[in-house]
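**Student:** My structure is stored as query-v5.pdb, with PDB, C-alpha atoms and all ligand atoms.
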```pdb
ATOM      1  CA  MET A   1      -6.890   0.000   1.759  1.00  0.00           C
ATOM      2  CA  THR A   2      -7.579  -3.677   2.106  1.00  0.00           C
ATOM      3  CA  ASN A   3      -6.614  -4.207   5.712  1.00  0.00           C
ATOM      4  CA  ASP A   4      -9.089  -4.956   8.438  1.00  0.00           C
ATOM      5  CA  GLY A   5      -8.376  -1.813  10.377  1.00  0.00           C
ATOM      6  CA  TYR A   6     -10.174   0.335   7.836  1.00  0.00           C
ATOM      7  CA  ILE A   7     -13.947   0.496   7.961  1.00  0.00           C
ATOM      8  CA  LYS A   8     -15.417   1.129   4.532  1.00  0.00           C
ATOM      9  CA  PHE A   9     -19.079   0.750   5.327  1.00  0.00           C
ATOM     10  CA  ASN A  10     -21.403   3.281   6.902  1.00  0.00           C
ATOM     11  CA  ILE A  11     -21.960   2.398  10.489  1.00  0.00           C
ATOM     12  CA  LYS A  12     -24.512   3.858  12.823  1.00  0.00           C
ATOM     13  CA  TRP A  13     -23.410   3.113  16.342  1.00  0.00           C
ATOM     14  CA  ILE A  14     -25.908   3.415  19.167  1.00  0.00           C
ATOM     15  CA  LYS A  15     -23.939   3.336  22.378  1.00  0.00           C
ATOM     16  CA  ALA A  16     -25.469   1.033  24.955  1.00  0.00           C
ATOM     17  CA  LYS A  17     -24.570  -1.090  27.931  1.00  0.00           C
ATOM     18  CA  PRO A  18     -22.852  -4.421  27.338  1.00  0.00           C
ATOM     19  CA  LEU A  19     -24.887  -7.588  26.907  1.00  0.00           C
ATOM     20  CA  PRO A  20     -25.002  -9.909  29.920  1.00  0.00           C
ATOM     21  CA  GLU A  21     -21.852 -12.053  30.264  1.00  0.00           C
ATOM     22  CA  SER A  22     -24.039 -15.174  30.000  1.00  0.00           C
ATOM     23  CA  VAL A  23     -24.981 -14.201  26.438  1.00  0.00           C
ATOM     24  CA  ILE A  24     -21.405 -13.962  25.228  1.00  0.00           C
ATOM     25  CA  ARG A  25     -20.030 -17.000  27.103  1.00  0.00           C
ATOM     26  CA  GLU A  26     -20.335 -19.411  24.181  1.00  0.00           C
ATOM     27  CA  LEU A  27     -18.924 -16.849  21.745  1.00  0.00           C
ATOM     28  CA  ASN A  28     -15.949 -16.282  24.007  1.00  0.00           C
ATOM     29  CA  LYS A  29     -15.306 -19.990  24.427  1.00  0.00           C
ATOM     30  CA  TRP A  30     -14.844 -20.400  20.677  1.00  0.00           C
ATOM     31  CA  ARG A  31     -13.162 -17.082  20.199  1.00  0.00           C
ATOM     32  CA  ARG A  32     -10.509 -18.150  22.704  1.00  0.00           C
ATOM     33  CA  LYS A  33      -9.850 -21.442  20.874  1.00  0.00           C
ATOM     34  CA  LEU A  34      -9.385 -19.545  17.598  1.00  0.00           C
ATOM     35  CA  PHE A  35      -7.170 -16.952  19.273  1.00  0.00           C
ATOM     36  CA  ASP A  36      -4.992 -19.723  20.747  1.00  0.00           C
ATOM     37  CA  ALA A  37      -4.681 -21.235  17.257  1.00  0.00           C
ATOM     38  CA  GLY A  38      -3.534 -17.852  15.911  1.00  0.00           C
ATOM     39  CA  LEU A  39      -6.543 -17.639  13.600  1.00  0.00           C
ATOM     40  CA  ILE A  40      -7.745 -14.515  15.388  1.00  0.00           C
ATOM     41  CA  GLY A  41      -5.033 -12.131  16.529  1.00  0.00           C
ATOM     42  CA  MET A  42      -2.949  -9.092  15.698  1.00  0.00           C
ATOM     43  CA  TYR A  43      -0.276  -8.367  13.099  1.00  0.00           C
ATOM     44  CA  GLU A  44       3.014  -6.783  14.112  1.00  0.00           C
ATOM     45  CA  SER A  45       1.644  -3.579  12.626  1.00  0.00           C
ATOM     46  CA  GLY A  46      -0.877  -3.544  15.453  1.00  0.00           C
ATOM     47  CA  ILE A  47      -3.887  -4.273  13.245  1.00  0.00           C
ATOM     48  CA  GLY A  48      -6.204  -6.943  14.587  1.00  0.00           C
ATOM     49  CA  PHE A  49      -7.803  -9.666  12.477  1.00  0.00           C
ATOM     50  CA  GLY A  50     -10.541 -12.257  12.816  1.00  0.00           C
ATOM     51  CA  ASN A  51     -14.028 -12.006  14.248  1.00  0.00           C
ATOM     52  CA  ILE A  52     -16.868 -14.189  15.455  1.00  0.00           C
ATOM     53  CA  SER A  53     -20.632 -13.801  15.553  1.00  0.00           C
ATOM     54  CA  MET A  54     -23.817 -15.517  16.657  1.00  0.00           C
ATOM     55  CA  ARG A  55     -27.396 -14.962  15.518  1.00  0.00           C
ATOM     56  CA  ILE A  56     -29.896 -13.856  18.115  1.00  0.00           C
ATOM     57  CA  PRO A  57     -32.315 -16.798  17.835  1.00  0.00           C
ATOM     58  CA  GLY A  58     -35.321 -16.196  15.610  1.00  0.00           C
ATOM     59  CA  THR A  59     -34.157 -12.769  14.374  1.00  0.00           C
ATOM     60  CA  ASN A  60     -31.981 -11.227  11.676  1.00  0.00           C
ATOM     61  CA  GLU A  61     -29.840  -9.647  14.378  1.00  0.00           C
ATOM     62  CA  PHE A  62     -26.498 -10.975  15.506  1.00  0.00           C
ATOM     63  CA  ILE A  63     -23.866 -10.403  18.152  1.00  0.00           C
ATOM     64  CA  ILE A  64     -20.321  -9.865  16.855  1.00  0.00           C
ATOM     65  CA  SER A  65     -16.918  -9.112  18.300  1.00  0.00           C
ATOM     66  CA  GLY A  66     -16.119  -5.420  18.156  1.00  0.00           C
ATOM     67  CA  SER A  67     -13.884  -3.430  15.859  1.00  0.00           C
ATOM     68  CA  ALA A  68     -10.140  -3.673  16.598  1.00  0.00           C
ATOM     69  CA  THR A  69     -10.430  -6.441  19.195  1.00  0.00           C
ATOM     70  CA  GLY A  70      -8.354  -9.059  17.323  1.00  0.00           C
ATOM     71  CA  GLY A  71      -5.277  -8.645  19.476  1.00  0.00           C
ATOM     72  CA  ILE A  72      -7.030  -8.880  22.817  1.00  0.00           C
ATOM     73  CA  GLU A  73      -6.525 -12.230  24.499  1.00  0.00           C
ATOM     74  CA  ASN A  74      -9.685 -12.400  26.580  1.00  0.00           C
ATOM     75  CA  LEU A  75     -12.757 -10.523  25.475  1.00  0.00           C
ATOM     76  CA  THR A  76     -15.500  -9.431  27.854  1.00  0.00           C
ATOM     77  CA  ALA A  77     -19.048  -8.282  27.186  1.00  0.00           C
ATOM     78  CA  GLU A  78     -17.535  -4.797  26.630  1.00  0.00           C
ATOM     79  CA  HIS A  79     -16.046  -6.119  23.381  1.00  0.00           C
ATOM     80  CA  TYR A  80     -19.242  -7.298  21.681  1.00  0.00           C
ATOM     81  CA  ALA A  81     -21.864  -5.392  19.724  1.00  0.00           C
ATOM     82  CA  ARG A  82     -25.330  -6.303  18.462  1.00  0.00           C
ATOM     83  CA  VAL A  83     -25.994  -5.657  14.778  1.00  0.00           C
ATOM     84  CA  THR A  84     -29.654  -4.752  14.461  1.00  0.00           C
ATOM     85  CA  GLU A  85     -30.043  -3.580  10.845  1.00  0.00           C
ATOM     86  CA  VAL A  86     -28.144  -4.203   7.641  1.00  0.00           C
ATOM     87  CA  ASP A  87     -28.612  -2.622   4.207  1.00  0.00           C
ATOM     88  CA  HIS A  88     -26.409  -4.307   1.627  1.00  0.00           C
ATOM     89  CA  GLU A  89     -27.294  -1.873  -1.158  1.00  0.00           C
ATOM     90  CA  LYS A  90     -26.304   1.112   0.911  1.00  0.00           C
ATOM     91  CA  ASN A  91     -23.423  -0.807   2.537  1.00  0.00           C
ATOM     92  CA  SER A  92     -24.641   0.353   5.915  1.00  0.00           C
ATOM     93  CA  LEU A  93     -25.554  -1.099   9.249  1.00  0.00           C
ATOM     94  CA  VAL A  94     -26.817  -0.176  12.665  1.00  0.00           C
ATOM     95  CA  CYS A  95     -25.150  -1.597  15.761  1.00  0.00           C
ATOM     96  CA  VAL A  96     -25.921  -1.282  19.442  1.00  0.00           C
ATOM     97  CA  GLY A  97     -23.504  -1.795  22.306  1.00  0.00           C
ATOM     98  CA  PRO A  98     -20.439  -0.570  24.161  1.00  0.00           C
ATOM     99  CA  ILE A  99     -18.210  -0.943  21.050  1.00  0.00           C
ATOM    100  CA  LYS A 100     -18.559  -0.598  17.275  1.00  0.00           C
ATOM    101  CA  ALA A 101     -19.254  -3.845  15.419  1.00  0.00           C
ATOM    102  CA  SER A 102     -16.390  -5.487  13.510  1.00  0.00           C
ATOM    103  CA  SER A 103     -15.522  -3.938  10.165  1.00  0.00           C
ATOM    104  CA  GLU A 104     -16.394  -7.278   8.580  1.00  0.00           C
ATOM    105  CA  SER A 105     -19.962  -7.337   9.875  1.00  0.00           C
ATOM    106  CA  MET A 106     -21.408  -6.850   6.383  1.00  0.00           C
ATOM    107  CA  THR A 107     -19.898 -10.152   5.266  1.00  0.00           C
ATOM    108  CA  HIS A 108     -21.238 -11.947   8.338  1.00  0.00           C
ATOM    109  CA  ALA A 109     -24.649 -10.453   7.564  1.00  0.00           C
ATOM    110  CA  ALA A 110     -24.472 -11.757   3.994  1.00  0.00           C
ATOM    111  CA  VAL A 111     -24.103 -15.300   5.364  1.00  0.00           C
ATOM    112  CA  TYR A 112     -27.011 -14.957   7.810  1.00  0.00           C
ATOM    113  CA  ASP A 113     -29.206 -13.455   5.099  1.00  0.00           C
ATOM    114  CA  SER A 114     -28.323 -16.192   2.606  1.00  0.00           C
ATOM    115  CA  ASP A 115     -29.176 -19.119   4.859  1.00  0.00           C
ATOM    116  CA  HIS A 116     -31.624 -18.825   7.715  1.00  0.00           C
ATOM    117  CA  SER A 117     -30.421 -22.080   9.273  1.00  0.00           C
ATOM    118  CA  VAL A 118     -27.032 -20.463   9.965  1.00  0.00           C
ATOM    119  CA  ASN A 119     -26.668 -19.287  13.554  1.00  0.00           C
ATOM    120  CA  ALA A 120     -22.914 -18.717  13.830  1.00  0.00           C
ATOM    121  CA  VAL A 121     -20.207 -17.261  11.564  1.00  0.00           C
ATOM    122  CA  ILE A 122     -16.438 -17.161  12.024  1.00  0.00           C
ATOM    123  CA  HIS A 123     -13.862 -15.165  10.060  1.00  0.00           C
ATOM    124  CA  VAL A 124     -10.137 -15.826  10.414  1.00  0.00           C
ATOM    125  CA  HIS A 125      -6.867 -15.035   8.707  1.00  0.00           C
ATOM    126  CA  ASN A 126      -4.346 -17.732   7.783  1.00  0.00           C
ATOM    127  CA  LEU A 127      -2.158 -17.415   4.695  1.00  0.00           C
ATOM    128  CA  ARG A 128      -1.252 -21.090   4.401  1.00  0.00           C
ATOM    129  CA  MET A 129      -4.833 -22.252   4.652  1.00  0.00           C
ATOM    130  CA  TRP A 130      -5.968 -19.501   2.272  1.00  0.00           C
ATOM    131  CA  LYS A 131      -3.475 -20.573  -0.394  1.00  0.00           C
ATOM    132  CA  MET A 132      -4.223 -24.277   0.059  1.00  0.00           C
ATOM    133  CA  LEU A 133      -7.987 -23.888  -0.109  1.00  0.00           C
ATOM    134  CA  LEU A 134      -8.257 -21.144  -2.755  1.00  0.00           C
ATOM    135  CA  ASP A 135     -10.570 -22.479  -5.485  1.00  0.00           C
ATOM    136  CA  ARG A 136     -10.606 -25.911  -3.783  1.00  0.00           C
ATOM    137  CA  VAL A 137     -13.544 -24.899  -1.622  1.00  0.00           C
ATOM    138  CA  PRO A 138     -16.135 -22.281  -2.637  1.00  0.00           C
ATOM    139  CA  THR A 139     -14.222 -19.042  -3.245  1.00  0.00           C
ATOM    140  CA  THR A 140     -15.474 -15.487  -3.701  1.00  0.00           C
ATOM    141  CA  SER A 141     -14.200 -13.506  -6.692  1.00  0.00           C
ATOM    142  CA  LYS A 142     -10.694 -12.070  -6.477  1.00  0.00           C
ATOM    143  CA  GLU A 143     -12.189  -8.787  -7.670  1.00  0.00           C
ATOM    144  CA  ALA A 144     -14.274  -8.412  -4.527  1.00  0.00           C
ATOM    145  CA  THR A 145     -12.140  -6.958  -1.751  1.00  0.00           C
ATOM    146  CA  TYR A 146     -12.693  -7.035   1.951  1.00  0.00           C
ATOM    147  CA  GLY A 147     -15.617  -5.159   3.427  1.00  0.00           C
ATOM    148  CA  THR A 148     -17.189  -4.087   0.114  1.00  0.00           C
ATOM    149  CA  PRO A 149     -20.758  -4.584  -1.145  1.00  0.00           C
ATOM    150  CA  GLU A 150     -19.193  -6.737  -3.878  1.00  0.00           C
ATOM    151  CA  MET A 151     -17.914  -9.138  -1.215  1.00  0.00           C
ATOM    152  CA  ALA A 152     -21.403  -9.445   0.263  1.00  0.00           C
ATOM    153  CA  GLU A 153     -22.806 -10.058  -3.240  1.00  0.00           C
ATOM    154  CA  GLU A 154     -20.185 -12.709  -3.857  1.00  0.00           C
ATOM    155  CA  VAL A 155     -21.089 -14.492  -0.620  1.00  0.00           C
ATOM    156  CA  MET A 156     -24.750 -14.522  -1.644  1.00  0.00           C
ATOM    157  CA  ARG A 157     -23.765 -15.846  -5.074  1.00  0.00           C
ATOM    158  CA  LEU A 158     -21.884 -18.762  -3.487  1.00  0.00           C
ATOM    159  CA  PHE A 159     -25.013 -19.749  -1.578  1.00  0.00           C
ATOM    160  CA  LYS A 160     -26.942 -19.871  -4.852  1.00  0.00           C
ATOM    161  CA  GLU A 161     -24.339 -21.407  -7.137  1.00  0.00           C
ATOM    162  CA  SER A 162     -21.950 -23.549  -5.088  1.00  0.00           C
ATOM    163  CA  ASP A 163     -22.012 -26.325  -2.501  1.00  0.00           C
ATOM    164  CA  VAL A 164     -21.029 -23.904   0.260  1.00  0.00           C
ATOM    165  CA  LYS A 165     -24.055 -24.937   2.338  1.00  0.00           C
ATOM    166  CA  GLU A 166     -22.661 -28.444   2.605  1.00  0.00           C
ATOM    167  CA  LYS A 167     -18.996 -27.457   2.982  1.00  0.00           C
ATOM    168  CA  LYS A 168     -19.687 -24.657   5.476  1.00  0.00           C
ATOM    169  CA  ILE A 169     -16.436 -22.938   4.531  1.00  0.00           C
ATOM    170  CA  PHE A 170     -15.420 -20.441   1.873  1.00  0.00           C
ATOM    171  CA  VAL A 171     -12.275 -18.597   0.890  1.00  0.00           C
ATOM    172  CA  MET A 172     -12.435 -14.854   0.358  1.00  0.00           C
ATOM    173  CA  GLY A 173     -10.587 -14.674  -2.955  1.00  0.00           C
ATOM    174  CA  GLY A 174     -10.100 -10.903  -2.878  1.00  0.00           C
ATOM    175  CA  HIS A 175      -9.144 -10.768   0.789  1.00  0.00           C
ATOM    176  CA  GLU A 176      -5.779 -12.481   1.119  1.00  0.00           C
ATOM    177  CA  GLU A 177      -5.618 -14.768   4.163  1.00  0.00           C
ATOM    178  CA  GLY A 178      -9.385 -14.416   4.726  1.00  0.00           C
ATOM    179  CA  LEU A 179     -11.584 -17.475   5.290  1.00  0.00           C
ATOM    180  CA  MET A 180     -15.039 -17.961   6.728  1.00  0.00           C
ATOM    181  CA  THR A 181     -16.907 -20.869   8.251  1.00  0.00           C
ATOM    182  CA  PHE A 182     -20.463 -21.053   9.524  1.00  0.00           C
ATOM    183  CA  GLY A 183     -22.909 -23.494  11.008  1.00  0.00           C
ATOM    184  CA  LYS A 184     -26.164 -24.166  12.803  1.00  0.00           C
ATOM    185  CA  ASP A 185     -24.340 -23.236  16.011  1.00  0.00           C
ATOM    186  CA  LEU A 186     -20.918 -22.099  17.189  1.00  0.00           C
ATOM    187  CA  ASP A 187     -19.769 -25.671  17.783  1.00  0.00           C
ATOM    188  CA  GLU A 188     -20.365 -26.497  14.146  1.00  0.00           C
ATOM    189  CA  ALA A 189     -18.786 -23.317  12.718  1.00  0.00           C
ATOM    190  CA  GLY A 190     -15.822 -23.649  15.083  1.00  0.00           C
ATOM    191  CA  SER A 191     -15.278 -27.362  14.489  1.00  0.00           C
ATOM    192  CA  VAL A 192     -15.281 -26.917  10.711  1.00  0.00           C
ATOM    193  CA  MET A 193     -12.683 -24.154  11.006  1.00  0.00           C
ATOM    194  CA  LEU A 194     -10.391 -26.125  13.307  1.00  0.00           C
ATOM    195  CA  ARG A 195     -10.693 -29.245  11.168  1.00  0.00           C
ATOM    196  CA  TYR A 196      -9.522 -27.389   8.035  1.00  0.00           C
ATOM    197  CA  TRP A 197      -6.836 -25.611  10.036  1.00  0.00           C
ATOM    198  CA  GLU A 198      -5.468 -28.920  11.386  1.00  0.00           C
ATOM    199  CA  GLU A 199      -5.264 -30.265   7.858  1.00  0.00           C
ATOM    200  CA  PHE A 200      -4.203 -27.226   5.827  1.00  0.00           C
ATOM    201  CA  GLY A 201      -3.207 -24.335   8.024  1.00  0.00           C
ATOM    202  CA  LYS A 202      -1.254 -25.566  10.996  1.00  0.00           C
TER     203      LYS A 202
HETATM  204 ZN    ZN A 301     -10.362 -10.245   7.438  1.00  0.00          ZN
END
```
Can you dump the structure from the file as C-alpha cells?
Ligand SMILES: [Zn+2]

**Tutor:**
Amino acid sequence: MTNDGYIKFNIKWIKAKPLPESVIRELNKWRRKLFDAGLIGMYESGIGFGNISMRIPGTNEFIISGSATGGIENLTAEHYARVTEVDHEKNSLVCVGPIKASSESMTHAAVYDSDHSVNAVIHVHNLRMWKMLLDRVPTTSKEATYGTPEMAEEVMRLFKESDVKEKKIFVMGGHEEGLMTFGKDLDEAGSVMLRYWEEFGK
C-alpha cells in the first residue's frame, strides 16, 4: 500500500471549471521537462508517479497536478486542481477543480507550510538518484511512508533541524524512489531537480 495510486488521505473534492490556461503555463513548462527526463511518468503497471505544484501568490493555497496524471505526456488545465485547505492532524484536504488533487498533496502542503518563501514544489521518482542521495541530503525517516501524516511531520522536522532550506532538496526515506525539490519559484525548484538528476540520476 505504498504506491502512488492509492490515496490514503481524506479528500474533499469540489468539482469546478479548470483554471485559465495562462495560470498553468509555467507549471506545464516545467512538468514537461521533468516528464521528458523520466522523472514524472508511469510504471509498466500503469501507475503514474511524480507531481508538481505552485503556490497561489500571497496565500496558503496551491495549484497541483491531478491524481493519476503521471503518464500523460501533455497536461492541460483539465489536469490541475487547486488545494484550498489542508489539515495535517486530520490528514485531510479540500481541493477545487476539474480533477482530484495529487495523492501527494499533503507532502507538498507540508513544504509550503514550513517555509513561506517557497512558491513551488516538485516530487519525482528516480531509484538511482534516491539511492545516491539517501542520507547525503536531508532525508525523512524510513518509518514514514508515502502520503501519511508521519511523512508531513517528517518534512516539517527537516525544516527545523536540517539545512534543507539551503539545499532545497530532500529524499523521502520511507518512499523508495521519492525525492522532492522546492524553491522561490518553479525555475528554482526545477533547476535544482535537474542539476541533481544530471549528476546522480541520469
Ligand atoms: Zn511518489

**Student:** Looking at A:Ile11, A:Ile47, A:Ile99, A:Ala77, which one is nearest to ligand ZN 301 (chain A), with distances taken over only C-alpha atoms and all ligand atoms?

**Tutor:**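 Distance minimum relative to ligand ZN 301 (chain A) lands on A:Ile47.
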
**Student:** Compute the set of protein, DNA and RNA residues whose minimum atom distance to ligand ZN 301 (chain A) is at most 7 Å, using only C-alpha atoms and all ligand atoms, and state it as a PyMOL selection string.

**Tutor:** chain A and resi 4+49-50+104+123-125+146+175+178

**Student:** Which residues match the PyMOL selection byres (((chain A and resi 127) around 9) and not hetatm) in the file above, as a ChimeraX atom specification?

**Tutor:** /A:125-126,128-132,176-178,201

**Student:** Contacts of Leu158 (chain A) at 10 Å or less, counting only C-alpha atoms, minus same-chain residues fewer than 4 places along, as JSON, numbers by chain?

**Tutor:** {"A": [111, 114, 138, 139, 140, 141, 153, 154, 162, 163, 164, 165, 170]}

**Student:** Could you list, as a ChimeraX atom specification, every residue within 9 Å of Ala37 (chain A), counting only C-alpha atoms and ignoring same-chain residues fewer than 6 positions away?

**Tutor:** /A:194,197,202

**Student:** Quote the spacing between CA of Thr181 (chain A) and CA of Glu89 (chain A) in Å to one decimal place.

**Tutor:**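 Interatomic distance here is 23.6 Å.
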
**Student:** What is the distance between CA of Leu134 (chain A) and CA of Glu198 (chain A), in Å to one decimal?

**Tutor:**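 Computing it gives 16.4 Å between the two atoms.
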
**Student:** Kindly resolve the PyMOL selection byres (((chain A and resi 79) around 9) and not hetatm) on the present coordinates and return the residues as a PDB file with C-alpha atoms, in the coordinates of the input.

**Tutor:**
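As written to disk, part_1.pdb reads:
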```
ATOM      1  CA  PRO A  18     -22.852  -4.421  27.338  1.00  0.00           C
ATOM      2  CA  ILE A  64     -20.321  -9.865  16.855  1.00  0.00           C
ATOM      3  CA  SER A  65     -16.918  -9.112  18.300  1.00  0.00           C
ATOM      4  CA  GLY A  66     -16.119  -5.420  18.156  1.00  0.00           C
ATOM      5  CA  SER A  67     -13.884  -3.430  15.859  1.00  0.00           C
ATOM      6  CA  THR A  69     -10.430  -6.441  19.195  1.00  0.00           C
ATOM      7  CA  LEU A  75     -12.757 -10.523  25.475  1.00  0.00           C
ATOM      8  CA  THR A  76     -15.500  -9.431  27.854  1.00  0.00           C
ATOM      9  CA  ALA A  77     -19.048  -8.282  27.186  1.00  0.00           C
ATOM     10  CA  GLU A  78     -17.535  -4.797  26.630  1.00  0.00           C
ATOM     11  CA  TYR A  80     -19.242  -7.298  21.681  1.00  0.00           C
ATOM     12  CA  ALA A  81     -21.864  -5.392  19.724  1.00  0.00           C
ATOM     13  CA  GLY A  97     -23.504  -1.795  22.306  1.00  0.00           C
ATOM     14  CA  PRO A  98     -20.439  -0.570  24.161  1.00  0.00           C
ATOM     15  CA  ILE A  99     -18.210  -0.943  21.050  1.00  0.00           C
ATOM     16  CA  LYS A 100     -18.559  -0.598  17.275  1.00  0.00           C
ATOM     17  CA  ALA A 101     -19.254  -3.845  15.419  1.00  0.00           C
TER      18      ALA A 101
END
```

**Student:** Any chance you could resolve the PyMOL selection byres (((chain A and resi 52) around 10) and not hetatm) against this file and give the residues as a CSV table (one decimal) with C-alpha atoms, in the frame of the given file?

**Tutor:**
```csv
chain,number,residue,atom,x,y,z
A,27,LEU,CA,-18.9,-16.8,21.7
A,28,ASN,CA,-15.9,-16.3,24.0
A,30,TRP,CA,-14.8,-20.4,20.7
A,31,ARG,CA,-13.2,-17.1,20.2
A,34,LEU,CA,-9.4,-19.5,17.6
A,40,ILE,CA,-7.7,-14.5,15.4
A,50,GLY,CA,-10.5,-12.3,12.8
A,51,ASN,CA,-14.0,-12.0,14.2
A,53,SER,CA,-20.6,-13.8,15.6
A,54,MET,CA,-23.8,-15.5,16.7
A,63,ILE,CA,-23.9,-10.4,18.2
A,64,ILE,CA,-20.3,-9.9,16.9
A,65,SER,CA,-16.9,-9.1,18.3
A,66,GLY,CA,-16.1,-5.4,18.2
A,80,TYR,CA,-19.2,-7.3,21.7
A,102,SER,CA,-16.4,-5.5,13.5
A,104,GLU,CA,-16.4,-7.3,8.6
A,105,SER,CA,-20.0,-7.3,9.9
A,108,HIS,CA,-21.2,-11.9,8.3
A,120,ALA,CA,-22.9,-18.7,13.8
A,121,VAL,CA,-20.2,-17.3,11.6
A,122,ILE,CA,-16.4,-17.2,12.0
A,123,HIS,CA,-13.9,-15.2,10.1
A,124,VAL,CA,-10.1,-15.8,10.4
A,180,MET,CA,-15.0,-18.0,6.7
A,181,THR,CA,-16.9,-20.9,8.3
A,182,PHE,CA,-20.5,-21.1,9.5
A,186,LEU,CA,-20.9,-22.1,17.2
A,189,ALA,CA,-18.8,-23.3,12.7
A,190,GLY,CA,-15.8,-23.6,15.1
```

**Student:** Counting all atoms listed in the file, which residues of region 66-85 of chain A sit at most 9 Å from some atom of region 56-60 of chain A, and what is each one's closest atom pair with its distance in Å to one decimal, listed by chain and rising residue number, as CSV?

**Tutor:**
```
residue,atom,partner,partner_atom,distance
A:Arg82,CA,A:Ile56,CA,8.8
A:Val83,CA,A:Asn60,CA,8.7
A:Thr84,CA,A:Asn60,CA,7.4
A:Glu85,CA,A:Asn60,CA,7.9
```

**Student:** For the residues in that selection, give me C-alpha atoms as a short mmCIF file (atom, residue, chain, number, x, y, z; two decimals), in the frame of the given file.

**Tutor:**
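What follows is the written file out.cif:
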```
data_model
loop_
_atom_site.label_atom_id
_atom_site.label_comp_id
_atom_site.auth_asym_id
_atom_site.auth_seq_id
_atom_site.Cartn_x
_atom_site.Cartn_y
_atom_site.Cartn_z
CA ARG A 82 -25.33 -6.30 18.46
CA VAL A 83 -25.99 -5.66 14.78
CA THR A 84 -29.65 -4.75 14.46
CA GLU A 85 -30.04 -3.58 10.84
#
```

**Student:** What's around Phe9 (chain A) at 12 Å? Count all atoms listed in the file, leave out sequence neighbours fewer than 3 positions away in its own chain, and write the answer as a PyMOL selection string.

**Tutor:** chain A and resi 4+6+12+86-94+101-107+146-152

**Student:** Report the distance between CA of Met156 (chain A) and CA of Ala110 (chain A) in Å, rounded to one decimal place.

**Tutor:** 6.3 Å

**Student:** Axis-aligned box over every listed atom of region 122-141 of chain A, padded by 3 Å per side: centre and edges in Å to one decimal, as lines of an AutoDock Vina configuration file?

**Tutor:**
```
center_x = -8.8
center_y = -19.7
center_z = 2.7
size_x = 21.2
size_y = 18.4
size_z = 24.7
```

**Student:** Identify which of the residues A:Val192, A:Val118, A:Ile14, A:Met172 lies closest to Glu143 (chain A), counting only C-alpha atoms when measuring atom-to-atom distances.

**Tutor:**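 Checking each of A:Val192, A:Val118, A:Ile14, A:Met172 against Glu143 (chain A), counting only C-alpha atoms, the winner is A:Met172.
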
**Student:** Counting all atoms listed in the file, what is within 7 Å of Asn119 (chain A), bar same-chain residues fewer than 3 positions away, as a PDB file with C-alpha atoms, keeping the file's coordinate frame?

**Tutor:**
```
ATOM      1  CA  MET A  54     -23.817 -15.517  16.657  1.00  0.00           C
ATOM      2  CA  ARG A  55     -27.396 -14.962  15.518  1.00  0.00           C
ATOM      3  CA  GLY A 183     -22.909 -23.494  11.008  1.00  0.00           C
ATOM      4  CA  LYS A 184     -26.164 -24.166  12.803  1.00  0.00           C
ATOM      5  CA  ASP A 185     -24.340 -23.236  16.011  1.00  0.00           C
TER       6      ASP A 185
END
```
